[in-house]
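Next comes run_39.txt, a file with compact mmCIF, C-alpha atoms.
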# COMPACT_ATOMS: atom_id res chain seq x y z
CA MET A 111 100.85 -12.36 153.70
CA ALA A 112 97.86 -14.36 154.89
CA ASP A 113 100.07 -16.62 157.01
CA ALA A 114 101.88 -13.62 158.50
CA ILE A 115 98.57 -11.96 159.41
CA ALA A 116 97.18 -15.14 160.95
CA ALA A 117 100.34 -15.53 163.04
CA LEU A 118 100.11 -11.89 164.16
CA GLU A 119 96.45 -12.29 165.08
CA GLU A 120 97.43 -15.23 167.26
CA ARG A 121 100.08 -13.16 169.02
CA ILE A 122 97.82 -10.17 169.69
CA GLY A 123 94.78 -12.25 170.62
CA TYR A 124 92.43 -10.68 168.08
CA ARG A 125 91.09 -11.98 164.76
CA PHE A 126 89.95 -9.41 162.20
CA LYS A 127 86.60 -9.59 160.46
CA GLU A 128 87.59 -7.04 157.82
CA ARG A 129 90.86 -8.19 156.29
CA ALA A 130 91.42 -4.93 154.42
CA LEU A 131 91.87 -3.11 157.73
CA ILE A 132 94.71 -5.24 159.04
CA GLU A 133 96.34 -5.34 155.61
CA ARG A 134 96.37 -1.56 155.45
CA ALA A 135 97.60 -1.28 159.04
CA LEU A 136 100.60 -3.38 158.05
CA THR A 137 101.42 -1.53 154.81
CA HIS A 138 104.35 0.89 154.92
CA ALA A 139 104.55 3.71 152.35
CA SER A 140 107.63 2.06 150.81
CA HIS A 141 105.70 -1.09 149.85
CA GLY A 142 106.14 -1.72 146.14
CA ASP A 143 109.31 0.39 146.01
CA GLY A 144 107.61 3.25 144.21
CA ARG A 145 105.96 1.21 141.44
CA GLY A 146 102.57 2.69 142.29
CA LYS A 147 100.66 4.72 144.85
CA VAL A 148 100.29 2.73 148.04
CA LYS A 149 97.51 2.98 150.60
CA SER A 150 99.75 2.92 153.64
CA TYR A 151 98.94 2.90 157.33
CA GLU A 152 99.35 6.67 157.73
CA ARG A 153 95.64 7.48 158.07
CA LEU A 154 95.17 4.65 160.53
CA GLU A 155 98.21 5.85 162.46
CA PHE A 156 96.52 9.24 162.89
CA LEU A 157 93.43 7.62 164.39
CA GLY A 158 95.36 5.10 166.45
CA ASP A 159 97.39 7.83 168.10
CA ARG A 160 94.16 9.46 169.33
CA VAL A 161 92.61 6.19 170.46
CA LEU A 162 95.77 5.33 172.39
CA GLY A 163 95.83 8.78 173.96
CA LEU A 164 92.21 8.56 175.07
CA MET A 165 92.59 5.08 176.55
CA THR A 166 95.77 6.05 178.34
CA ALA A 167 94.32 9.26 179.74
CA ASP A 168 91.26 7.36 180.93
CA ALA A 169 93.38 4.64 182.56
CA LEU A 170 95.71 7.11 184.30
CA PHE A 171 92.78 9.23 185.49
CA LYS A 172 91.31 6.17 187.20
CA VAL A 173 94.52 4.61 188.53
CA PHE A 174 96.13 7.81 189.84
CA ASP A 175 92.95 9.32 191.24
CA LYS A 176 94.76 11.80 193.49
CA ALA A 177 97.38 12.98 190.97
CA ASP A 178 97.14 16.45 189.44
CA GLU A 179 97.62 17.30 185.76
CA GLY A 180 101.31 17.93 186.25
CA ALA A 181 101.83 14.41 187.57
CA LEU A 182 99.58 12.75 185.00
CA ALA A 183 101.01 14.42 181.90
CA PRO A 184 104.53 12.91 182.02
CA ARG A 185 103.06 9.47 182.69
CA LEU A 186 100.81 9.82 179.67
CA ASN A 187 103.70 11.02 177.52
CA ALA A 188 105.77 8.01 178.55
CA LEU A 189 102.99 5.58 177.66
CA VAL A 190 102.01 6.99 174.26
CA ARG A 191 105.40 7.94 172.85
CA LYS A 192 106.75 6.20 169.75
CA GLU A 193 109.36 4.30 171.74
CA THR A 194 106.70 2.65 173.92
CA CYS A 195 104.56 1.78 170.89
CA ALA A 196 107.65 0.28 169.26
CA GLU A 197 108.30 -1.81 172.37
CA VAL A 198 104.80 -3.27 172.11
CA ALA A 199 105.32 -3.84 168.39
CA ARG A 200 108.44 -5.84 169.15
CA GLU A 201 106.61 -7.86 171.79
CA VAL A 202 104.11 -9.05 169.17
CA ASP A 203 106.76 -9.28 166.42
CA LEU A 204 104.87 -6.77 164.31
CA GLY A 205 107.87 -6.11 162.10
CA GLU A 206 107.72 -9.58 160.59
CA ALA A 207 104.19 -8.97 159.33
CA LEU A 208 104.84 -5.55 157.78
CA ARG A 209 104.43 -5.05 154.04
CA ILE A 210 107.50 -2.98 153.35
CA GLY A 211 109.68 -2.11 150.38
CA LYS A 212 112.76 -4.22 149.69
CA SER A 213 115.15 -1.30 150.01
CA GLU A 214 113.58 -0.21 153.31
CA ALA A 215 113.70 -3.79 154.58
CA LYS A 216 117.38 -4.07 153.67
CA GLY A 217 117.98 -0.89 155.65
CA GLY A 218 116.55 -2.47 158.78
CA GLY A 219 113.09 -0.97 158.41
CA ARG A 220 111.40 -3.85 160.21
CA GLU A 221 113.30 -2.93 163.36
CA LYS A 222 113.18 0.88 163.15
CA THR A 223 111.55 2.45 166.17
CA SER A 224 109.79 5.08 164.07
CA ILE A 225 108.22 2.52 161.72
CA LEU A 226 107.27 0.07 164.46
CA GLY A 227 105.78 2.84 166.59
CA ASP A 228 103.67 4.14 163.71
CA ALA A 229 102.56 0.63 162.71
CA CYS A 230 101.54 -0.14 166.29
CA GLU A 231 99.31 2.95 166.34
CA ALA A 232 97.82 1.86 163.00
CA LEU A 233 97.15 -1.58 164.46
CA ILE A 234 95.31 -0.02 167.39
CA ALA A 235 93.13 1.95 164.95
CA ALA A 236 92.43 -1.16 162.89
CA ILE A 237 91.32 -3.10 165.97
CA TYR A 238 89.14 -0.17 167.04
CA LEU A 239 87.46 0.11 163.64
CA ASP A 240 87.00 -3.63 163.30
CA GLY A 241 85.88 -4.53 166.81
CA GLY A 242 85.07 -1.31 168.60
CA MET A 243 86.27 0.05 171.92
CA LYS A 244 85.71 -3.24 173.73
CA ALA A 245 88.13 -5.08 171.44
CA VAL A 246 90.82 -2.43 171.57
CA ARG A 247 90.44 -2.25 175.36
CA VAL A 248 91.39 -5.94 175.62
CA PHE A 249 94.48 -5.30 173.49
CA TYR A 250 95.37 -2.18 175.47
CA ASP A 251 94.98 -3.82 178.86
CA ARG A 252 97.13 -6.74 177.78
CA PHE A 253 100.07 -4.70 176.57
CA TRP A 254 99.79 -1.35 178.38
CA GLY A 255 98.35 -2.66 181.65
CA PRO A 256 101.74 -3.90 182.94
CA ARG A 257 103.31 -0.57 182.00
CA ILE A 258 100.72 1.35 183.99
CA GLU A 259 101.32 -0.94 186.95
CA ALA A 260 105.04 -0.19 186.71
CA LEU A 261 104.33 3.53 186.86
CA LYS A 262 102.80 3.12 190.31
CA ALA A 263 106.28 2.61 191.73
CA LYS A 264 107.65 5.81 190.23
CA PRO A 265 108.34 8.84 192.45
CA ALA A 266 105.53 11.27 193.15
CA ASN A 267 107.93 14.20 193.03
CA PRO A 268 110.02 14.03 189.82
CA LYS A 269 111.86 17.27 190.69
CA SER A 270 113.27 15.70 193.86
CA ALA A 271 114.04 12.49 191.99
CA LEU A 272 115.91 14.44 189.30
CA GLN A 273 117.93 16.39 191.83
CA GLU A 274 118.91 13.21 193.69
CA TRP A 275 119.82 11.37 190.49
CA ALA A 276 121.84 14.33 189.13
CA ALA A 277 123.83 14.53 192.37
CA LYS A 278 124.59 10.80 192.37
CA ALA A 279 125.60 10.93 188.70
CA GLY A 280 127.94 13.85 189.32
CA HIS A 281 125.95 16.26 187.14
CA GLY A 282 125.05 19.84 187.81
CA VAL A 283 122.08 21.08 189.81
CA PRO A 284 118.82 21.11 187.76
CA LYS A 285 117.96 24.59 186.51
CA TYR A 286 114.42 25.44 185.37
CA ARG A 287 113.52 28.21 182.93
CA LEU A 288 110.05 29.32 181.86
CA THR A 289 110.19 29.55 178.05
CA GLU A 290 106.57 30.20 177.14
CA ARG A 291 103.12 30.93 178.50
CA SER A 292 100.25 30.38 176.11
CA GLY A 293 96.51 29.75 176.14
CA PRO A 294 93.69 31.84 177.61
CA ASP A 295 93.92 33.32 181.08
CA HIS A 296 91.43 30.83 182.49
CA ARG A 297 93.39 27.87 181.08
CA PRO A 298 97.05 28.79 180.62
CA VAL A 299 99.74 26.44 179.38
CA PHE A 300 103.26 26.90 180.76
CA THR A 301 106.33 25.55 179.01
CA VAL A 302 109.47 25.00 181.09
CA GLU A 303 112.97 23.90 180.12
CA VAL A 304 115.14 22.04 182.61
CA THR A 305 118.90 21.83 182.20
CA VAL A 306 121.26 19.48 183.99
CA SER A 307 124.84 20.05 182.87
CA PRO A 308 126.28 18.47 180.73
CA LEU A 309 123.05 16.87 179.41
CA ASP A 310 120.76 18.30 176.76
CA PRO A 311 117.76 20.16 178.18
CA ALA A 312 114.27 18.66 178.42
CA ILE A 313 110.91 20.36 177.98
CA GLY A 314 107.70 20.04 179.97
CA GLU A 315 104.24 21.60 179.80
CA GLY A 316 101.55 22.05 182.43
CA GLY A 317 98.65 24.11 183.63
CA SER A 318 100.93 25.85 186.14
CA LYS A 319 104.62 26.66 186.29
CA GLN A 320 105.11 24.02 188.99
CA ALA A 321 103.30 21.37 186.93
CA ALA A 322 105.43 22.23 183.90
CA GLU A 323 108.61 21.93 185.98
CA ARG A 324 107.55 18.48 187.18
CA ALA A 325 106.76 17.46 183.61
CA ALA A 326 110.18 18.67 182.43
CA ALA A 327 111.93 16.79 185.24
CA SER A 328 110.00 13.64 184.36
CA ALA A 329 110.88 14.02 180.68
CA LEU A 330 114.59 14.29 181.44
CA LEU A 331 114.52 11.32 183.81
CA GLU A 332 112.60 9.24 181.27
CA ARG A 333 115.03 10.16 178.48
CA GLU A 334 118.01 9.16 180.59
CA GLY A 335 116.48 5.79 181.40
CA GLN A 336 115.49 6.67 184.94
CA GLN A 337 112.07 6.44 186.52
CA ALA A 338 110.02 9.54 185.81
Rendering of file as C-alpha cells:
Amino acid sequence: MADAIAALEERIGYRFKERALIERALTHASHGDGRGKVKSYERLEFLGDRVLGLMTADALFKVFDKADEGALAPRLNALVRKETCAEVAREVDLGEALRIGKSEAKGGGREKTSILGDACEALIAAIYLDGGMKAVRVFYDRFWGPRIEALKAKPANPKSALQEWAAKAGHGVPKYRLTERSGPDHRPVFTVEVTVSPLDPAIGEGGSKQAAERAAASALLEREGQQA
C-alpha cells in the first residue's frame, strides 16, 4: 500500500503529511470483503464534491466573465460530473492505488466510472484537508485547467448548436417543455426538458426559462458526445 501511495503522490504532484487521509481517500466500502466495518472514502467524497464545485464555479466565473447563469451552469455540470472526475482518476491511475475488496476488483471495480469518480472527489478532499486551498488549487489547475480551456471553444448558444447538430444527424427538431418552476418569486428555478426524437430527453435548470432551455440543450449535447 505504501508503494502504491508513493507512486500516486508522484503522479498527482502532491505528498501527504497525514497518511491517514490519503489511505482513507483510497479505501472503498468493499475493502475487506465484509469482514469488518470499513472507514471508506464516502465522507471525504461528500466534502470533495463541494470543494470541486466551489473551485469550478470560481474558475468559470472568472474565465467566462460575460456569461450569464444559464451559460455557466452547463459548463459547471460538465466539469464536476462523475464522468469527468473518473477521467482525471484514470489520468493519474487512481484505480491501481485503491483499497478495494477482492470480489469488487474481480468485477472490474478499479475501472468503474462510479468508483473512480467518487474516489477522485475523496482525493480532492484529502488534499484540501492536508494542504489547504492552495494545495488543492495546484491539483485542480493541473487537471481541470485544460478542460476549462477546452470549454472556451464551445458554442455560446447551445440551443442553436443542438438544432444544427440534430438536423445534420437526421433527428427531429428539438422540443422544449417547462416541467417545473420552484423557489421563491425573487429567485425562481425553472426546469426544462428538451426532446430530440428518437433520443432520450435531457433536463436543464436555470434562473429563467431561457437559461433552463440552454442548460437542457447543453446537457443533451454533452451526453451525445458533442460540444455543449
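Residue nearest Arg333 of chain A within the list A:Glu201, A:Glu303, A:Glu193, A:Glu259: A:Glu193 [criterion: smallest interatomic distance, all atoms listed in the file].
Between Leu204 of chain A and the candidates A:Ser224, A:Arg121, A:His141, A:Val173, the tightest atom-to-atom separation, counting all atoms listed in the file, involves A:Arg121.
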Near-segment 281-287 of chain A list (10 Å; all atoms listed in the file; drop same-chain fewer than 2 positions) as a VMD selection string:
chain A and resid 269 to 270 272 to 279 289 to 290 301 to 309 311 to 313 319 322 to 324 326 to 327
List the spatial neighbours of Leu164 of chain A as a PyMOL selection string - criterion: any atom at most 10 Å away, all atoms listed in the file, same-chain residues fewer than 6 positions off excluded.
chain A and resi 158+170+186+190
Given all atoms listed in the file as the counted atoms, nearest of A:Ala183, A:Ala325, A:Ala139, A:Leu189 to Ile225 of chain A
A:Ala139
I need segment 238-279 of chain A written out with N, CA and C atoms, as a tab-separated table (two decimals), in the first residue's frame; please produce it.
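Okay, this is what ended up in part.tsv:
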chain	number	residue	atom	x	y	z
A	238	TYR	N	-7.25	18.85	0.19
A	238	TYR	CA	-7.73	20.09	0.82
A	238	TYR	C	-7.50	20.06	2.33
A	239	LEU	N	-7.83	18.95	2.97
A	239	LEU	CA	-7.67	18.85	4.42
A	239	LEU	C	-6.20	18.80	4.83
A	240	ASP	N	-5.39	18.22	3.98
A	240	ASP	CA	-3.97	18.05	4.32
A	240	ASP	C	-3.15	19.30	4.01
A	241	GLY	N	-3.45	19.96	2.92
A	241	GLY	CA	-2.63	21.08	2.48
A	241	GLY	C	-3.35	22.40	2.29
A	242	GLY	N	-4.66	22.40	2.48
A	242	GLY	CA	-5.41	23.64	2.34
A	242	GLY	C	-5.78	23.96	0.90
A	243	MET	N	-6.41	25.11	0.72
A	243	MET	CA	-6.90	25.51	-0.59
A	243	MET	C	-5.77	25.71	-1.60
A	244	LYS	N	-4.62	26.18	-1.13
A	244	LYS	CA	-3.51	26.41	-2.04
A	244	LYS	C	-3.06	25.11	-2.70
A	245	ALA	N	-2.97	24.04	-1.91
A	245	ALA	CA	-2.54	22.75	-2.43
A	245	ALA	C	-3.55	22.16	-3.40
A	246	VAL	N	-4.82	22.25	-3.04
A	246	VAL	CA	-5.83	21.66	-3.91
A	246	VAL	C	-5.99	22.50	-5.18
A	247	ARG	N	-5.68	23.80	-5.10
A	247	ARG	CA	-5.73	24.65	-6.28
A	247	ARG	C	-4.70	24.20	-7.31
A	248	VAL	N	-3.51	23.84	-6.85
A	248	VAL	CA	-2.46	23.35	-7.76
A	248	VAL	C	-2.94	22.08	-8.47
A	249	PHE	N	-3.52	21.17	-7.70
A	249	PHE	CA	-4.04	19.93	-8.28
A	249	PHE	C	-5.16	20.24	-9.27
A	250	TYR	N	-6.07	21.12	-8.89
A	250	TYR	CA	-7.20	21.47	-9.75
A	250	TYR	C	-6.73	22.10	-11.06
A	251	ASP	N	-5.84	23.07	-10.95
A	251	ASP	CA	-5.37	23.76	-12.15
A	251	ASP	C	-4.66	22.80	-13.10
A	252	ARG	N	-3.98	21.83	-12.54
A	252	ARG	CA	-3.23	20.89	-13.38
A	252	ARG	C	-4.16	19.98	-14.17
A	253	PHE	N	-5.23	19.53	-13.54
A	253	PHE	CA	-6.09	18.54	-14.21
A	253	PHE	C	-7.41	19.10	-14.74
A	254	TRP	N	-7.89	20.19	-14.18
A	254	TRP	CA	-9.13	20.79	-14.70
A	254	TRP	C	-8.85	22.00	-15.58
A	255	GLY	N	-7.66	22.60	-15.42
A	255	GLY	CA	-7.31	23.76	-16.23
A	255	GLY	C	-7.46	23.52	-17.73
A	256	PRO	N	-6.89	22.42	-18.26
A	256	PRO	CA	-7.04	22.14	-19.69
A	256	PRO	C	-8.49	21.94	-20.11
A	257	ARG	N	-9.30	21.42	-19.22
A	257	ARG	CA	-10.71	21.20	-19.55
A	257	ARG	C	-11.46	22.52	-19.62
A	258	ILE	N	-11.10	23.46	-18.77
A	258	ILE	CA	-11.73	24.78	-18.82
A	258	ILE	C	-11.30	25.50	-20.09
A	259	GLU	N	-10.05	25.35	-20.46
A	259	GLU	CA	-9.57	25.95	-21.71
A	259	GLU	C	-10.35	25.41	-22.90
A	260	ALA	N	-10.63	24.10	-22.87
A	260	ALA	CA	-11.36	23.48	-23.98
A	260	ALA	C	-12.77	24.03	-24.08
A	261	LEU	N	-13.35	24.40	-22.94
A	261	LEU	CA	-14.71	24.93	-22.95
A	261	LEU	C	-14.81	26.28	-23.65
A	262	LYS	N	-13.71	26.99	-23.74
A	262	LYS	CA	-13.73	28.30	-24.39
A	262	LYS	C	-14.12	28.20	-25.86
A	263	ALA	N	-13.87	27.05	-26.46
A	263	ALA	CA	-14.16	26.88	-27.88
A	263	ALA	C	-15.59	26.41	-28.12
A	264	LYS	N	-16.33	26.16	-27.05
A	264	LYS	CA	-17.68	25.64	-27.22
A	264	LYS	C	-18.66	26.77	-27.56
A	265	PRO	N	-19.75	26.44	-28.25
A	265	PRO	CA	-20.68	27.46	-28.73
A	265	PRO	C	-21.35	28.24	-27.62
A	266	ALA	N	-21.54	29.54	-27.85
A	266	ALA	CA	-22.18	30.39	-26.86
A	266	ALA	C	-23.67	30.14	-26.80
A	267	ASN	N	-24.24	29.63	-27.88
A	267	ASN	CA	-25.67	29.38	-27.93
A	267	ASN	C	-25.93	27.89	-28.12
A	268	PRO	N	-26.06	27.13	-27.03
A	268	PRO	CA	-26.25	25.68	-27.15
A	268	PRO	C	-27.55	25.29	-27.84
A	269	LYS	N	-28.59	26.14	-27.79
A	269	LYS	CA	-29.84	25.82	-28.47
A	269	LYS	C	-29.63	25.79	-29.99
A	270	SER	N	-28.89	26.76	-30.50
A	270	SER	CA	-28.60	26.77	-31.94
A	270	SER	C	-27.72	25.59	-32.31
A	271	ALA	N	-26.73	25.31	-31.44
A	271	ALA	CA	-25.83	24.19	-31.71
A	271	ALA	C	-26.59	22.87	-31.73
A	272	LEU	N	-27.55	22.72	-30.82
A	272	LEU	CA	-28.35	21.49	-30.77
A	272	LEU	C	-29.21	21.36	-32.02
A	273	GLN	N	-29.82	22.44	-32.44
A	273	GLN	CA	-30.68	22.39	-33.61
A	273	GLN	C	-29.88	22.03	-34.87
A	274	GLU	N	-28.68	22.62	-35.00
A	274	GLU	CA	-27.83	22.33	-36.15
A	274	GLU	C	-27.37	20.87	-36.14
A	275	TRP	N	-26.95	20.41	-34.95
A	275	TRP	CA	-26.48	19.02	-34.84
A	275	TRP	C	-27.60	18.04	-35.12
A	276	ALA	N	-28.80	18.30	-34.57
A	276	ALA	CA	-29.94	17.40	-34.78
A	276	ALA	C	-30.30	17.30	-36.25
A	277	ALA	N	-30.24	18.42	-36.95
A	277	ALA	CA	-30.56	18.42	-38.38
A	277	ALA	C	-29.53	17.61	-39.17
A	278	LYS	N	-28.26	17.79	-38.86
A	278	LYS	CA	-27.20	17.05	-39.56
A	278	LYS	C	-27.28	15.56	-39.28
A	279	ALA	N	-27.71	15.22	-38.05
A	279	ALA	CA	-27.78	13.81	-37.66
A	279	ALA	C	-29.08	13.14	-38.12
